[in-house]
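Peer 1: Supplied structure: start_23.pdb, PDB, C-alpha atoms.
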MODEL        1
ATOM      1  CA  MET V 252      -0.301  18.699  -2.561
ATOM      2  CA  LEU V 253      -3.811  19.916  -1.850
ATOM      3  CA  GLY V 254      -5.126  23.344  -2.738
ATOM      4  CA  SER V 255      -8.520  24.665  -1.740
ATOM      5  CA  LEU V 256     -10.346  25.149  -5.054
ATOM      6  CA  PRO V 257      -9.012  26.358  -8.418
ATOM      7  CA  GLY V 258      -9.507  30.039  -9.115
ATOM      8  CA  GLU V 259     -11.230  31.558 -12.134
ATOM      9  CA  ALA V 260      -8.102  31.627 -14.318
ATOM     10  CA  SER V 261      -7.365  27.977 -13.576
ATOM     11  CA  LEU V 262     -10.935  26.880 -14.180
ATOM     12  CA  ALA V 263     -11.047  28.787 -17.477
ATOM     13  CA  ALA V 264      -7.740  27.276 -18.603
ATOM     14  CA  GLY V 265      -8.483  23.787 -17.285
ATOM     15  CA  ARG V 266      -5.084  23.786 -15.563
ATOM     16  CA  TYR V 267      -3.941  24.001 -11.974
ATOM     17  CA  TYR V 268      -2.364  27.298 -10.936
ATOM     18  CA  ALA V 269      -2.919  28.999 -14.290
ATOM     19  CA  HIS V 270      -2.994  32.583 -12.995
ATOM     20  CA  PRO V 271       0.313  34.101 -14.154
ATOM     21  CA  GLN V 272       0.919  35.731 -10.758
ATOM     22  CA  ASN V 273       0.354  32.543  -8.766
ATOM     23  CA  ALA V 274       3.768  31.400  -7.517
ATOM     24  CA  PHE V 275       2.921  27.681  -7.262
ATOM     25  CA  TRP V 276       5.009  26.501 -10.209
ATOM     26  CA  ARG V 277       8.042  28.545  -9.134
ATOM     27  CA  LEU V 278       7.706  27.359  -5.530
ATOM     28  CA  ILE V 279       7.271  23.672  -6.332
ATOM     29  CA  GLY V 280      10.043  23.933  -8.923
ATOM     30  CA  GLY V 281      12.383  25.076  -6.160
ATOM     31  CA  VAL V 282      11.320  22.122  -4.044
ATOM     32  CA  ILE V 283      11.945  19.500  -6.732
ATOM     33  CA  GLY V 284      14.954  21.258  -8.283
ATOM     34  CA  GLU V 285      13.447  21.746 -11.746
ATOM     35  CA  ASP V 286      12.293  24.918 -13.488
ATOM     36  CA  VAL V 287       8.803  23.560 -14.100
ATOM     37  CA  ALA V 288       7.368  27.056 -14.596
ATOM     38  CA  ALA V 289       9.188  27.202 -17.955
ATOM     39  CA  LEU V 290       7.681  23.912 -19.158
ATOM     40  CA  PRO V 291       4.430  23.289 -21.022
ATOM     41  CA  TYR V 292       1.654  22.244 -18.641
ATOM     42  CA  ASN V 293       1.693  18.510 -19.436
ATOM     43  CA  ARG V 294       5.455  18.397 -18.808
ATOM     44  CA  ARG V 295       4.966  20.237 -15.508
ATOM     45  CA  LEU V 296       2.612  17.496 -14.383
ATOM     46  CA  SER V 297       5.036  14.799 -15.544
ATOM     47  CA  ALA V 298       7.839  16.438 -13.582
ATOM     48  CA  LEU V 299       5.724  16.431 -10.441
ATOM     49  CA  LEU V 300       4.899  12.754 -10.857
ATOM     50  CA  ARG V 301       8.589  11.901 -11.311
ATOM     51  CA  HIS V 302       9.164  13.532  -7.924
ATOM     52  CA  ARG V 303       6.193  11.743  -6.306
ATOM     53  CA  VAL V 304       4.041  14.869  -6.036
ATOM     54  CA  GLY V 305       0.342  14.762  -6.819
ATOM     55  CA  LEU V 306      -2.152  17.631  -7.068
ATOM     56  CA  TRP V 307      -5.770  17.788  -6.010
ATOM     57  CA  ASP V 308      -8.212  20.008  -4.170
ATOM     58  CA  VAL V 309      -9.843  19.846  -0.774
ATOM     59  CA  VAL V 310     -13.037  21.365  -2.186
ATOM     60  CA  GLY V 311     -14.664  19.547  -5.082
ATOM     61  CA  GLU V 312     -17.530  21.969  -5.710
ATOM     62  CA  ALA V 313     -18.616  25.283  -4.257
ATOM     63  CA  THR V 314     -20.241  28.594  -4.933
ATOM     64  CA  ARG V 315     -17.637  31.307  -5.183
ATOM     65  CA  PRO V 316     -17.751  34.661  -6.899
ATOM     66  CA  GLY V 317     -14.188  35.440  -7.936
ATOM     67  CA  SER V 318     -11.177  33.454  -6.803
ATOM     68  CA  LEU V 319     -10.679  34.246  -3.121
ATOM     69  CA  ASP V 320     -10.908  31.383  -0.647
ATOM     70  CA  THR V 321     -12.818  33.643   1.733
ATOM     71  CA  ALA V 322     -15.647  33.755  -0.833
ATOM     72  CA  ILE V 323     -16.134  29.961  -0.931
ATOM     73  CA  ARG V 324     -19.702  29.036   0.060
ATOM     74  CA  ASP V 325     -21.637  25.778   0.082
ATOM     75  CA  ALA V 326     -18.443  23.752  -0.217
ATOM     76  CA  ARG V 327     -18.696  20.065  -1.065
ATOM     77  CA  HIS V 328     -15.397  18.487  -0.158
ATOM     78  CA  ASN V 329     -13.539  15.825  -2.071
ATOM     79  CA  ASP V 330     -13.291  12.415  -0.401
ATOM     80  CA  LEU V 331      -9.743  12.808   0.865
ATOM     81  CA  ALA V 332     -10.040   9.893   3.292
ATOM     82  CA  SER V 333     -10.741   7.465   0.436
ATOM     83  CA  LEU V 334      -7.878   8.913  -1.577
ATOM     84  CA  VAL V 335      -5.469   8.402   1.315
ATOM     85  CA  GLU V 336      -6.720   4.858   1.900
ATOM     86  CA  SER V 337      -6.070   4.068  -1.773
ATOM     87  CA  LEU V 338      -2.437   5.214  -1.450
ATOM     88  CA  PRO V 339      -0.817   2.992   1.207
ATOM     89  CA  ASP V 340       2.663   4.432   0.556
ATOM     90  CA  LEU V 341       1.526   8.033   1.056
ATOM     91  CA  ARG V 342       3.348   9.564   4.011
ATOM     92  CA  MET V 343       2.688  13.284   3.692
ATOM     93  CA  VAL V 344       0.018  15.714   2.592
ATOM     94  CA  ALA V 345       0.943  19.357   2.122
ATOM     95  CA  PHE V 346      -1.731  22.027   2.013
ATOM     96  CA  ASN V 347      -1.303  25.095  -0.184
ATOM     97  CA  GLY V 348      -2.706  27.778   2.097
ATOM     98  CA  GLY V 349      -4.851  28.181   5.174
ATOM     99  CA  LYS V 350      -8.261  27.299   3.737
ATOM    100  CA  ALA V 351      -6.974  24.048   2.260
ATOM    101  CA  ALA V 352      -5.286  23.242   5.575
ATOM    102  CA  SER V 353      -8.206  24.054   7.861
ATOM    103  CA  ASP V 354     -10.689  22.011   5.829
ATOM    104  CA  GLY V 355      -8.233  19.285   4.839
ATOM    105  CA  ARG V 356      -6.971  18.621   8.356
ATOM    106  CA  LYS V 357     -10.551  18.017   9.500
ATOM    107  CA  LEU V 358     -11.171  15.623   6.628
ATOM    108  CA  LEU V 359      -7.947  13.731   7.313
ATOM    109  CA  ALA V 360      -8.146  13.699  11.117
ATOM    110  CA  ALA V 361      -8.569   9.915  11.236
ATOM    111  CA  GLN V 362      -5.412   9.438   9.118
ATOM    112  CA  ALA V 363      -3.283  11.935  11.069
ATOM    113  CA  GLU V 364      -1.416   9.139  12.891
ATOM    114  CA  ARG V 365       0.046   7.735   9.674
ATOM    115  CA  LEU V 366       0.428  10.979   7.715
ATOM    116  CA  ARG V 367       2.488  14.073   8.168
ATOM    117  CA  LEU V 368       0.209  17.037   7.454
ATOM    118  CA  MET V 369       2.011  20.229   6.512
ATOM    119  CA  THR V 370       0.549  23.685   5.988
ATOM    120  CA  LEU V 371       2.387  25.854   3.463
ATOM    121  CA  PRO V 372       1.907  29.559   2.860
ATOM    122  CA  SER V 373      -0.459  30.085  -0.047
ATOM    123  CA  SER V 374       1.079  30.479  -3.476
ATOM    124  CA  SER V 375      -1.792  32.793  -4.420
ATOM    125  CA  PRO V 376      -1.074  36.414  -5.352
ATOM    126  CA  ALA V 377      -3.852  37.308  -2.887
ATOM    127  CA  HIS V 378      -1.580  36.082  -0.075
ATOM    128  CA  ALA V 379       0.866  38.957  -0.350
ATOM    129  CA  SER V 380       1.727  39.282   3.340
ATOM    130  CA  LEU V 381       4.780  37.081   2.700
ATOM    131  CA  ARG V 382       7.350  37.802   0.036
ATOM    132  CA  PHE V 383       8.239  35.040  -2.418
ATOM    133  CA  GLU V 384      11.549  34.354  -0.672
ATOM    134  CA  ALA V 385       9.816  33.782   2.676
ATOM    135  CA  LYS V 386       7.261  31.469   1.075
ATOM    136  CA  ALA V 387      10.031  29.563  -0.699
ATOM    137  CA  ALA V 388      11.914  29.020   2.560
ATOM    138  CA  VAL V 389       8.894  27.222   4.037
ATOM    139  CA  TRP V 390       8.050  25.336   0.845
ATOM    140  CA  ASN V 391      11.648  24.125   0.505
ATOM    141  CA  SER V 392      11.229  22.158   3.732
ATOM    142  CA  LEU V 393       9.309  19.671   1.553
ATOM    143  CA  ARG V 394      12.601  18.547  -0.016
ATOM    144  CA  ASP V 395      13.459  16.297   2.926
ATOM    145  CA  ALA V 396      10.018  14.669   2.862
ATOM    146  CA  LEU V 397      10.349  13.919  -0.849
ATOM    147  CA  ALA V 398      13.817  12.465  -0.330
ATOM    148  CA  ASP V 399      12.547   9.871   2.187
TER     149      ASP V 399
ENDMDL
END
Give the structure from the file, written as structure tokens.

Peer 2:
Amino acid sequence: MLGSLPGEASLAAGRYYAHPQNAFWRLIGGVIGEDVAALPYNRRLSALLRHRVGLWDVVGEATRPGSLDTAIRDARHNDLASLVESLPDLRMVAFNGGKAASDGRKLLAAQAERLRLMTLPSSSPAHASLRFEAKAAVWNSLRDALAD
């Protein structure tokens, strides 16, 4: 699971998806069938690993006032190609939102033949054009991929 770049609340907390209104933990919990949002952070990460889900970011460093993806400037991307090459059993990469997908798909273009690349609606509270239920319906399509 690749996001774009952690927001201010996440950076301050040193945790992925730390903003209380970000729906990531509820959405991924629905996918894996565990209420990870109710768990302490380290147990959330353990639950994801048990279900073969990893977290990282497309952007490694950037200038960004605030937390909006549209404000990202001077992005230095993480080496996603090397990550994928180091994981021969990896079959799918899901992107949390449009910015992660647009940048990540370019970075993984050479691996697109062996990987399924899936764009998910952003879990961010800034992406309010879709209600939680609509986001969850798309996110829940990950269940089949994790079952393979």

Peer 1: State, in Å with one decimal place, the distance from atom CA of Gly311 of chain V to atom CA of Ala377 of chain V.

Peer 2: 20.9 Å

Peer 1: From the options V:Ser337, V:Thr314, V:Asn329, V:Ser375, which residue's atoms come nearest to Arg277 of chain V, counting all atoms listed in the file?

Peer 2: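 Checking each of V:Ser337, V:Thr314, V:Asn329, V:Ser375 against Arg277 of chain V, counting all atoms listed in the file, the winner is V:Ser375.
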
Peer 1: For Asp395 of chain V, which of V:Gly254, V:Asn273, V:Ala360, V:His302 is the closest residue, counting all atoms listed in the file?

Peer 2: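 Closest to Asp395 of chain V, using all atoms listed in the file: V:His302.
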
Peer 1: Running the PyMOL selection byres ((chain V and resi 380-392) around 10) on this model by hand, what would come out? Give it as a list in words.

Peer 2: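 Applied to this file, the PyMOL selection byres ((chain V and resi 380-392) around 10) selects Ala274, Phe275, Arg277, Leu278, Ile279, Gly280, Gly281, Val282, Ile283, Gly284, Ala345, Asn347, Met369, Thr370, Leu371, Pro372, Ser373, Ser374, Pro376, Ala377, His378, Ala379, Leu393, Arg394, Asp395, Ala396 and Leu397 of chain V.
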
Peer 1: With a distance cut-off of 8 Å and all atoms listed in the file, select the neighbouring residues of segment 318-323 of chain V, excluding the residue or stretch itself and same-chain residues fewer than 2 positions from it, and output the selection as an MDAnalysis selection string.

Peer 2: chainID V and resid 255:259 313:316 325:326 350 377

Peer 1: May I have the residues from that selection written out with C-alpha atoms, as a compact mmCIF listing (two decimals), in the frame of the given file?

Peer 2:
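And here is the file that came out, again23.txt:
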# COMPACT_ATOMS: atom_id res chain seq x y z
CA SER V 255 -8.52 24.66 -1.74
CA LEU V 256 -10.35 25.15 -5.05
CA PRO V 257 -9.01 26.36 -8.42
CA GLY V 258 -9.51 30.04 -9.12
CA GLU V 259 -11.23 31.56 -12.13
CA ALA V 313 -18.62 25.28 -4.26
CA THR V 314 -20.24 28.59 -4.93
CA ARG V 315 -17.64 31.31 -5.18
CA PRO V 316 -17.75 34.66 -6.90
CA ASP V 325 -21.64 25.78 0.08
CA ALA V 326 -18.44 23.75 -0.22
CA LYS V 350 -8.26 27.30 3.74
CA ALA V 377 -3.85 37.31 -2.89

Peer 1: Of the candidates V:Leu366, V:His328, V:Ala352, V:Gly317, which shows the shortest atom-to-atom distance to Asp340 of chain V, using all atoms listed in the file?

Peer 2: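 Of all the options, V:Leu366 lies closest to Asp340 of chain V.
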
Peer 1: Give the answer as one residue: which of V:Ala351, V:Ala398, V:Met343, V:Leu358 has the shortest atom-to-atom distance to Trp307 of chain V, using only C-alpha atoms?

Peer 2: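 Comparing V:Ala351, V:Ala398, V:Met343, V:Leu358 against Trp307 of chain V, the winner is V:Ala351.
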
Peer 1: I'd like the interatomic distance between atom CA of Gln362 of chain V and atom CA of Arg303 of chain V, to a tenth of an Å.

Peer 2: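 Taking atom CA of Gln362 of chain V and atom CA of Arg303 of chain V, their separation equals 19.4 Å.
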